[in-house]
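Quick look at data20.cif (mmCIF, C-alpha atoms):
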```
data_final
loop_
_atom_site.label_atom_id
_atom_site.label_comp_id
_atom_site.auth_asym_id
_atom_site.auth_seq_id
_atom_site.Cartn_x
_atom_site.Cartn_y
_atom_site.Cartn_z
CA MET S 1 0.00 0.00 0.00
CA ALA S 2 1.50 3.33 -1.08
CA ILE S 3 0.88 6.08 1.48
CA ILE S 4 1.95 9.70 1.49
CA LYS S 5 1.30 12.48 4.00
CA SER S 6 -1.44 14.96 3.17
CA HIS S 7 -3.77 17.43 4.92
CA VAL S 8 -4.96 17.83 8.50
CA CYS S 9 -8.02 15.91 9.71
CA ASN S 10 -11.06 18.16 10.21
CA MET S 11 -12.20 16.02 13.18
CA CYS S 12 -9.11 15.67 15.36
CA GLY S 13 -6.51 17.85 13.72
CA GLY S 14 -4.22 14.88 13.02
CA LEU S 15 -2.13 14.62 9.88
CA LEU S 16 -3.97 12.59 7.25
CA ASP S 17 -2.47 9.74 5.21
CA ILE S 18 -3.36 9.06 1.60
CA ASP S 19 -3.96 5.48 0.58
CA LEU S 20 -3.20 5.66 -3.12
CA ASP S 21 -4.39 2.11 -3.74
CA ARG S 22 -7.82 2.68 -2.17
CA GLN S 23 -7.81 6.32 -3.31
CA MET S 24 -8.97 7.95 -0.10
CA TYR S 25 -7.74 9.97 2.84
CA ILE S 26 -7.36 8.12 6.17
CA CYS S 27 -6.80 9.63 9.60
CA PRO S 28 -4.49 7.31 11.57
CA PHE S 29 -5.68 8.88 14.86
CA CYS S 30 -9.49 8.88 14.76
CA GLY S 31 -10.03 6.55 11.79
CA VAL S 32 -12.08 9.03 9.75
CA THR S 33 -11.88 8.56 5.98
CA PHE S 34 -12.60 11.05 3.24
CA ASP S 35 -14.18 10.28 -0.09
CA TYR S 36 -12.00 10.09 -3.21
CA GLU S 37 -13.84 13.12 -4.64
CA TYR S 38 -11.72 15.09 -2.25
CA PHE S 39 -8.66 13.31 -3.59
CA ARG S 40 -8.31 15.08 -6.93
CA GLU S 41 -5.21 15.34 -9.10
CA ASP S 42 -4.55 18.97 -8.19
CA ASN S 43 -4.56 17.93 -4.54
CA VAL S 44 -2.04 15.17 -5.27
CA LEU S 45 0.31 17.71 -6.86
CA GLU S 46 -0.19 20.03 -3.91
CA ILE S 47 0.54 17.17 -1.52
CA ALA S 48 3.61 16.16 -3.52
CA ASN S 49 5.02 19.69 -3.49
CA LYS S 50 4.36 20.10 0.24
CA SER S 51 6.07 16.79 0.94
CA LEU S 52 8.98 17.91 -1.21
CA ASN S 53 9.28 21.17 0.74
CA ARG S 54 9.24 19.20 4.01
CA SER S 55 12.00 16.92 2.66
CA GLU S 56 9.61 13.95 2.78
CA PHE S 57 11.00 12.59 -0.46
CA GLY S 58 9.45 9.14 -0.18
CA ALA S 59 5.97 10.57 0.20
CA ALA S 60 6.56 13.07 -2.60
CA LYS S 61 7.77 10.31 -4.92
CA ASP S 62 4.62 8.25 -4.28
CA ALA S 63 2.45 11.25 -5.19
CA PHE S 64 4.43 12.04 -8.34
CA ASP S 65 4.27 8.37 -9.39
CA PHE S 66 0.49 8.47 -8.93
CA ILE S 67 0.23 11.56 -11.15
CA LEU S 68 2.28 9.86 -13.86
CA GLN S 69 -0.05 6.88 -13.80
CA LYS S 70 -2.76 9.22 -15.08
CA ASP S 71 -0.52 11.37 -17.28
CA PRO S 72 2.94 9.96 -18.15
CA HIS S 73 3.86 13.32 -19.74
CA ASP S 74 3.16 15.53 -16.71
CA PHE S 75 6.06 17.98 -16.45
CA GLN S 76 5.68 18.69 -12.72
CA ALA S 77 5.71 15.00 -11.84
CA LEU S 78 8.68 14.20 -14.08
CA ARG S 79 10.60 17.10 -12.61
CA GLY S 80 9.51 16.14 -9.10
CA LEU S 81 10.89 12.60 -9.46
CA ILE S 82 14.29 14.02 -10.38
CA LEU S 83 14.21 16.22 -7.27
CA CYS S 84 13.20 13.23 -5.13
CA ARG S 85 16.02 11.18 -6.64
CA CYS S 86 18.53 13.90 -5.72
CA LYS S 87 16.81 14.66 -2.39
CA TRP S 88 16.48 18.33 -3.35
CA LYS S 89 13.63 20.72 -2.78
CA ASN S 90 14.56 22.61 -5.95
CA LEU S 91 17.45 22.88 -8.39
CA LEU S 92 19.49 25.38 -6.36
CA PRO S 93 21.94 22.68 -5.16
CA MET S 94 23.03 22.21 -8.78
CA GLN S 95 25.12 25.36 -8.39
CA THR S 96 27.32 23.53 -5.88
CA TYR S 97 28.93 20.79 -7.95
CA ASN S 98 29.95 18.54 -5.04
CA GLN S 99 26.28 18.22 -4.05
CA VAL S 100 25.30 16.83 -7.45
CA HIS S 101 25.21 13.03 -7.70
CA LEU S 102 22.79 12.72 -10.61
CA ARG S 103 24.03 10.79 -13.65
CA GLU S 104 23.06 11.32 -17.28
CA ASP S 105 21.80 7.72 -17.48
CA ASP S 106 19.71 7.91 -14.30
CA PRO S 107 16.28 6.34 -15.04
CA CYS S 108 14.31 9.32 -13.74
CA LEU S 109 16.22 11.76 -15.98
CA VAL S 110 16.06 9.46 -19.01
CA SER S 111 12.33 8.95 -18.44
CA ALA S 112 11.77 12.71 -18.14
CA ILE S 113 13.52 13.39 -21.46
CA GLU S 114 11.70 10.57 -23.25
CA ASN S 115 8.21 11.19 -21.86
CA CYS S 116 7.94 14.95 -21.48
CA ARG S 117 6.12 17.05 -24.02
CA PRO S 118 8.29 18.51 -26.83
CA GLU S 119 8.14 22.07 -25.51
CA LYS S 120 9.55 20.90 -22.15
CA LYS S 121 12.29 18.62 -23.49
CA GLU S 122 14.89 21.38 -23.54
CA TYR S 123 14.47 21.86 -19.78
CA PHE S 124 15.53 18.29 -19.02
CA GLU S 125 18.14 18.15 -21.78
CA LYS S 126 19.95 21.12 -20.22
CA ILE S 127 20.06 19.25 -16.92
CA ARG S 128 21.48 16.22 -18.71
CA ASP S 129 24.09 18.33 -20.53
CA ALA S 130 25.19 19.90 -17.24
CA VAL S 131 25.46 16.48 -15.60
CA VAL S 132 27.55 15.16 -18.52
CA LEU S 133 29.91 18.14 -18.25
CA LEU S 134 30.17 17.60 -14.51
CA LYS S 135 31.09 13.96 -15.11
CA GLU S 136 33.89 15.04 -17.46
CA PHE S 137 35.10 17.56 -14.88
CA ARG S 138 35.25 14.89 -12.16
CA HIS S 139 37.11 12.55 -14.50
CA LYS S 140 39.60 15.33 -15.18
CA ARG S 141 39.99 15.92 -11.44
CA THR S 142 40.71 12.21 -10.93
CA GLU S 143 43.40 12.35 -13.63
CA LEU S 144 44.85 15.45 -11.94
CA GLN S 145 45.08 13.64 -8.60
CA LYS S 146 46.88 10.71 -10.26
CA LEU S 147 49.36 13.08 -11.89
CA GLU S 148 50.04 14.84 -8.57
CA ASP S 149 50.55 11.49 -6.82
CA ALA S 150 52.99 10.38 -9.55
CA LYS S 151 54.84 13.68 -9.22
CA SER S 152 55.08 13.28 -5.44
CA VAL S 153 56.55 9.77 -5.82
CA SER S 154 59.09 10.97 -8.40
CA GLU S 155 60.11 13.91 -6.20
CA GLN S 156 60.70 11.56 -3.26
CA GLN S 157 62.85 9.29 -5.44
CA LEU S 158 64.84 12.28 -6.70
CA GLU S 159 65.37 13.56 -3.17
CA ARG S 160 66.69 10.17 -2.09
CA LEU S 161 69.20 10.19 -4.98
CA ARG S 162 70.35 13.71 -4.10
CA LEU S 163 70.82 12.69 -0.49
CA ALA S 164 72.79 9.60 -1.58
CA LYS S 165 75.04 11.82 -3.72
CA LEU S 166 75.62 14.21 -0.84
CA ILE S 167 76.53 11.33 1.48
CA ASN S 168 78.85 9.83 -1.15
CA HIS S 169 80.53 13.18 -1.70
CA SER S 170 81.46 13.57 1.96
CA ARG S 171 81.47 9.96 3.17
CA PHE S 172 85.20 9.78 4.10
CA THR S 173 85.41 13.04 6.01
CA THR S 174 82.01 12.44 7.60
CA ALA S 175 82.91 8.88 8.56
CA MET S 176 86.27 9.93 10.05
CA SER S 177 84.69 12.83 11.89
CA ASP S 178 81.94 10.64 13.32
CA PHE S 179 84.50 7.98 14.28
CA PHE S 180 86.69 10.39 16.19
CA ASP S 181 83.74 12.18 17.77
CA ASP S 182 82.36 8.88 19.08
CA LEU S 183 85.79 7.67 20.13
CA PHE S 184 86.73 10.79 22.02
CA SER S 185 83.33 11.20 23.65
CA ASP S 186 83.23 7.57 24.86
CA TYR S 187 86.93 7.33 25.73
CA PRO S 188 88.42 10.72 26.75
CA LYS S 189 91.95 9.30 27.02
CA ALA S 190 91.78 7.92 23.46
CA ALA S 191 92.93 11.29 22.11
CA GLU S 192 96.28 10.90 23.86
CA LEU S 193 96.57 7.36 22.50
CA VAL S 194 95.83 8.44 18.92
CA VAL S 195 98.39 11.24 19.10
CA SER S 196 101.00 8.83 20.49
CA ILE S 197 100.34 6.30 17.71
CA ALA S 198 100.57 9.04 15.06
CA LEU S 199 103.90 10.22 16.46
CA LEU S 200 105.22 6.66 16.52
CA ILE S 201 104.21 6.16 12.87
CA LEU S 202 105.92 9.38 11.83
CA PHE S 203 109.00 8.46 13.84
CA GLY S 204 109.01 4.98 12.24
CA ILE S 205 108.76 6.43 8.74
CA GLY S 206 111.57 8.89 9.52
CA TYR S 207 113.81 6.18 10.93
CA ALA S 208 113.11 3.85 7.99
CA THR S 209 113.92 6.66 5.59
CA TRP S 210 117.22 7.39 7.42
CA ALA S 211 118.14 3.71 7.64
CA LEU S 212 116.98 2.43 4.24
CA GLY S 213 117.01 5.54 2.10
CA TRP S 214 114.46 7.74 0.38
CA MET S 215 112.98 4.78 -1.50
CA VAL S 216 110.88 3.79 1.53
CA LEU S 217 109.38 7.27 1.77
CA ALA S 218 108.68 7.30 -1.95
CA ILE S 219 106.92 3.92 -1.75
CA ALA S 220 104.85 5.06 1.25
CA VAL S 221 103.83 8.27 -0.49
CA THR S 222 102.98 6.39 -3.67
CA LEU S 223 100.75 3.98 -1.79
CA VAL S 224 98.95 6.85 -0.12
CA VAL S 225 98.47 8.64 -3.43
CA ILE S 226 97.20 5.49 -5.16
CA THR S 227 94.74 4.91 -2.31
CA ILE S 228 93.45 8.49 -2.54
CA VAL S 229 93.12 8.27 -6.33
CA ILE S 230 91.23 4.96 -6.19
CA TYR S 231 88.95 6.33 -3.49
CA ASN S 232 88.12 9.48 -5.47
CA VAL S 233 87.66 7.60 -8.72
CA ASN S 234 85.19 5.32 -6.96
CA LYS S 235 83.35 8.37 -5.59
CA SER S 236 83.28 9.96 -9.05
CA ILE S 237 81.89 6.80 -10.67
CA LYS S 238 79.14 6.57 -8.07
CA ASN S 239 78.31 10.27 -8.43
CA LYS S 240 77.99 9.89 -12.20
CA ALA S 241 75.71 6.89 -11.73
CA LEU S 242 73.54 8.91 -9.33
CA ASP S 243 73.47 11.86 -11.77
CA ALA S 244 72.44 9.53 -14.60
CA ALA S 245 69.63 8.13 -12.44
CA MET S 246 68.41 11.66 -11.62
CA VAL S 247 68.12 12.78 -15.25
CA PRO S 248 65.02 10.74 -16.22
CA LEU S 249 63.36 11.58 -12.90
CA THR S 250 63.97 15.30 -13.46
CA GLU S 251 62.56 15.06 -16.99
CA LYS S 252 59.57 13.09 -15.73
CA ILE S 253 58.82 15.71 -13.05
CA GLU S 254 59.03 18.51 -15.63
CA LYS S 255 56.66 16.62 -17.92
CA LEU S 256 54.26 15.96 -15.03
CA ASN S 257 54.35 19.66 -14.11
CA ASP S 258 53.32 20.57 -17.66
CA GLU S 259 50.52 17.97 -17.65
CA ILE S 260 49.30 19.10 -14.22
CA LYS S 261 49.25 22.74 -15.35
CA GLU S 262 47.32 21.85 -18.51
CA ASN S 263 44.93 19.62 -16.57
CA ARG S 264 44.24 22.33 -14.00
CA THR S 265 43.52 24.83 -16.75
CA GLU S 266 41.07 22.46 -18.47
CA SER S 267 39.45 21.58 -15.13
CA SER S 268 38.95 25.26 -14.30
CA LYS S 269 37.36 25.88 -17.70
CA MET S 270 35.04 22.87 -17.28
CA LEU S 271 34.01 23.96 -13.80
CA PHE S 272 33.34 27.50 -15.03
CA ARG S 273 31.20 26.15 -17.89
CA TYR S 274 29.29 23.88 -15.53
CA GLU S 275 28.65 26.64 -12.99
CA SER S 276 27.42 28.91 -15.80
CA MET S 277 25.07 26.18 -17.05
CA ALA S 278 23.81 25.48 -13.53
CA LYS S 279 23.12 29.17 -12.89
CA GLU S 280 21.24 29.39 -16.17
CA ILE S 281 19.17 26.31 -15.31
CA VAL S 282 18.29 27.69 -11.87
CA LYS S 283 17.54 31.11 -13.36
CA ASN S 284 15.15 29.63 -15.92
CA GLU S 285 13.55 27.16 -13.52
CA ALA S 286 11.01 29.56 -12.02
CA ARG S 287 10.00 30.76 -15.46
CA THR S 288 9.71 27.23 -16.85
CA VAL S 289 7.90 25.76 -13.85
CA GLY S 290 5.70 28.82 -13.48
CA GLY S 291 4.92 28.81 -17.18
CA ASN S 292 3.95 25.18 -16.96
CA LYS S 293 1.53 25.91 -14.13
CA SER S 294 -0.04 28.71 -16.15
CA GLU S 295 -0.48 26.41 -19.15
CA GLU S 296 -2.13 23.78 -16.99
CA SER S 297 -4.48 26.40 -15.53
CA ASP S 298 -5.44 27.54 -19.05
CA GLU S 299 -6.12 23.95 -20.06
CA ASP S 300 -8.34 23.43 -16.99
CA GLU S 301 -10.30 26.59 -17.83
CA GLU S 302 -10.82 25.46 -21.44
CA GLU S 303 -12.10 22.09 -20.23
#
```
Would you write the structure of this file as structure tokens?
Amino acid sequence: MAIIKSHVCNMCGGLLDIDLDRQMYICPFCGVTFDYEYFREDNVLEIANKSLNRSEFGAAKDAFDFILQKDPHDFQALRGLILCRCKWKNLLPMQTYNQVHLREDDPCLVSAIENCRPEKKEYFEKIRDAVVLLKEFRHKRTELQKLEDAKSVSEQQLERLRLAKLINHSRFTTAMSDFFDDLFSDYPKAAELVVSIALLILFGIGYATWALGWMVLAIAVTLVVITIVIYNVNKSIKNKALDAAMVPLTEKIEKLNDEIKENRTESSKMLFRYESMAKEIVKNEARTVGGNKSEESDEDEEE
């Protein structure tokens, strides 16, 4: 049994229900019923609109469905079902795009376009066009979010490579500095020991040079130089490898920046177009809906 809220009971003042199947008013408080003669089509539309204004969308939908059973082309009922589907009292929420969840293939919108009278088709087609544009805008926003996520990942990878290059560039001095800092802080007397060992090494090299000749000093210096050269060559090779790894990431980030900029521009244009369409729809709604009411009144007078 389909029931929607209606008028106030004349006997007890309670809110009446409408039994659409039995086509009568029923008071759930005192049990009084009203004849179907009172339940005319204009009253159903009035009830539907009142229910819509009270955000009773289920009750409004039942009333609009009942109207369409008699006249499948009724503009007010077709429009009302779209509002019930969106849970709107009117089309004002269309101007706020994140409140719009209507799709171009929604049955109520498709039915309105197919069943409305020719002079009213443009009204629903404009709503459909706005919804299609909004869908494209949201798709573009999704693409933009993916591009920004990809850029963030690439930037993190690039930053890790830069940090690795910085560490490689200063790894010997940093490692020696950290070693001595830890050594001297944990063992205060280690400084004296290190100085003593260094003096002994220098004294040993000097004695060996005096005893065996300058060849020993030359060999020692050569070994030190070779060690330094090998160490720096290794650092240079690693730095070049890190630089080579950073090049494609840098190019990728630049390309993503261009795509993000282009996407944002297109998204802004789409949003502007949608907002303009929504404002136009809302602006014309009162005229269209009001004009429809006037036409229906003229038809009633002619009958």
For this session: Evaluate the PyMOL selection byres ((chain S and resi 49-58) around 12) and record the selected residues as a VMD selection string, following the chain and residue labels used in the document.
Result: chain S and resid 2 to 7 17 42 to 48 59 to 65 76 to 77 79 to 90
Problem set entry | Resolved residues for the PyMOL selection byres ((chain S and resi 237-249) around 8) as a list in words | Ser154, Glu155, Gln157, Leu158, Leu161, Arg162, Ala164, Lys165, Asn168, His169, Val233, Asn234, Lys235, Ser236, Thr250, Glu251, Lys252 and Ile253 of chain S
Give as a tab-separated table (two decimals) with C-alpha atoms, keeping the file's coordinate frame the residues that the PyMOL selection byres ((chain S and resi 134) around 8) matches when applied to the coordinates above.
```
chain	number	residue	atom	x	y	z
S	97	TYR	CA	28.93	20.79	-7.95
S	130	ALA	CA	25.19	19.90	-17.24
S	131	VAL	CA	25.46	16.48	-15.60
S	132	VAL	CA	27.55	15.16	-18.52
S	133	LEU	CA	29.91	18.14	-18.25
S	135	LYS	CA	31.09	13.96	-15.11
S	136	GLU	CA	33.89	15.04	-17.46
S	137	PHE	CA	35.10	17.56	-14.88
S	138	ARG	CA	35.25	14.89	-12.16
S	270	MET	CA	35.04	22.87	-17.28
S	271	LEU	CA	34.01	23.96	-13.80
S	274	TYR	CA	29.29	23.88	-15.53
```
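The smallest atom-to-atom distance between Lys126 (chain S) and any of S:Arg264, S:Lys70, S:Lys146, S:Lys279, using all atoms listed in the file, is found for S:Lys279.
In this model, the gap between CA of Lys269 (chain S) and CA of Val100 (chain S) comes to 18.2 Å.
Candidate residues S:Asn98, S:Arg117, S:Cys27, S:Ser268 were compared for distance to His73 (chain S), and the nearest is S:Arg117, using only C-alpha atoms.
Computed from the coordinates, the CA of Ile127 (chain S) to CA of Arg141 (chain S) distance equals 20.9 Å.
In this structure, CA of Glu266 (chain S) sits 8.0 Å away from CA of Lys140 (chain S).
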Exercise. Of the residues S:Leu256, S:Cys116, S:Leu109, S:Cys30, which is the one nearest to Asp71 (chain S), using only C-alpha atoms?
Worked result: S:Cys116
Seminar exercise, completed: From the list S:Glu143, S:Glu159, S:Asp106, S:Glu254, the nearest residue to Ser267 (chain S) using all atoms listed in the file is S:Glu143
Can you tell me, as lines of an AutoDock Vina configuration file, the centre and edge lengths (Å, one decimal) of the axis-aligned box enclosing all of region 41-58 of chain S's listed atoms after padding each side by 6 Å?
```
center_x = 3.4
center_y = 15.2
center_z = -2.5
size_x = 29.2
size_y = 24.0
size_z = 25.1
```
Problem set entry | Selected residue of minimal separation from Asp74 (chain S) among S:Leu102, S:Ile167, S:Ala112, S:Val225, counting all atoms listed in the file | S:Ala112
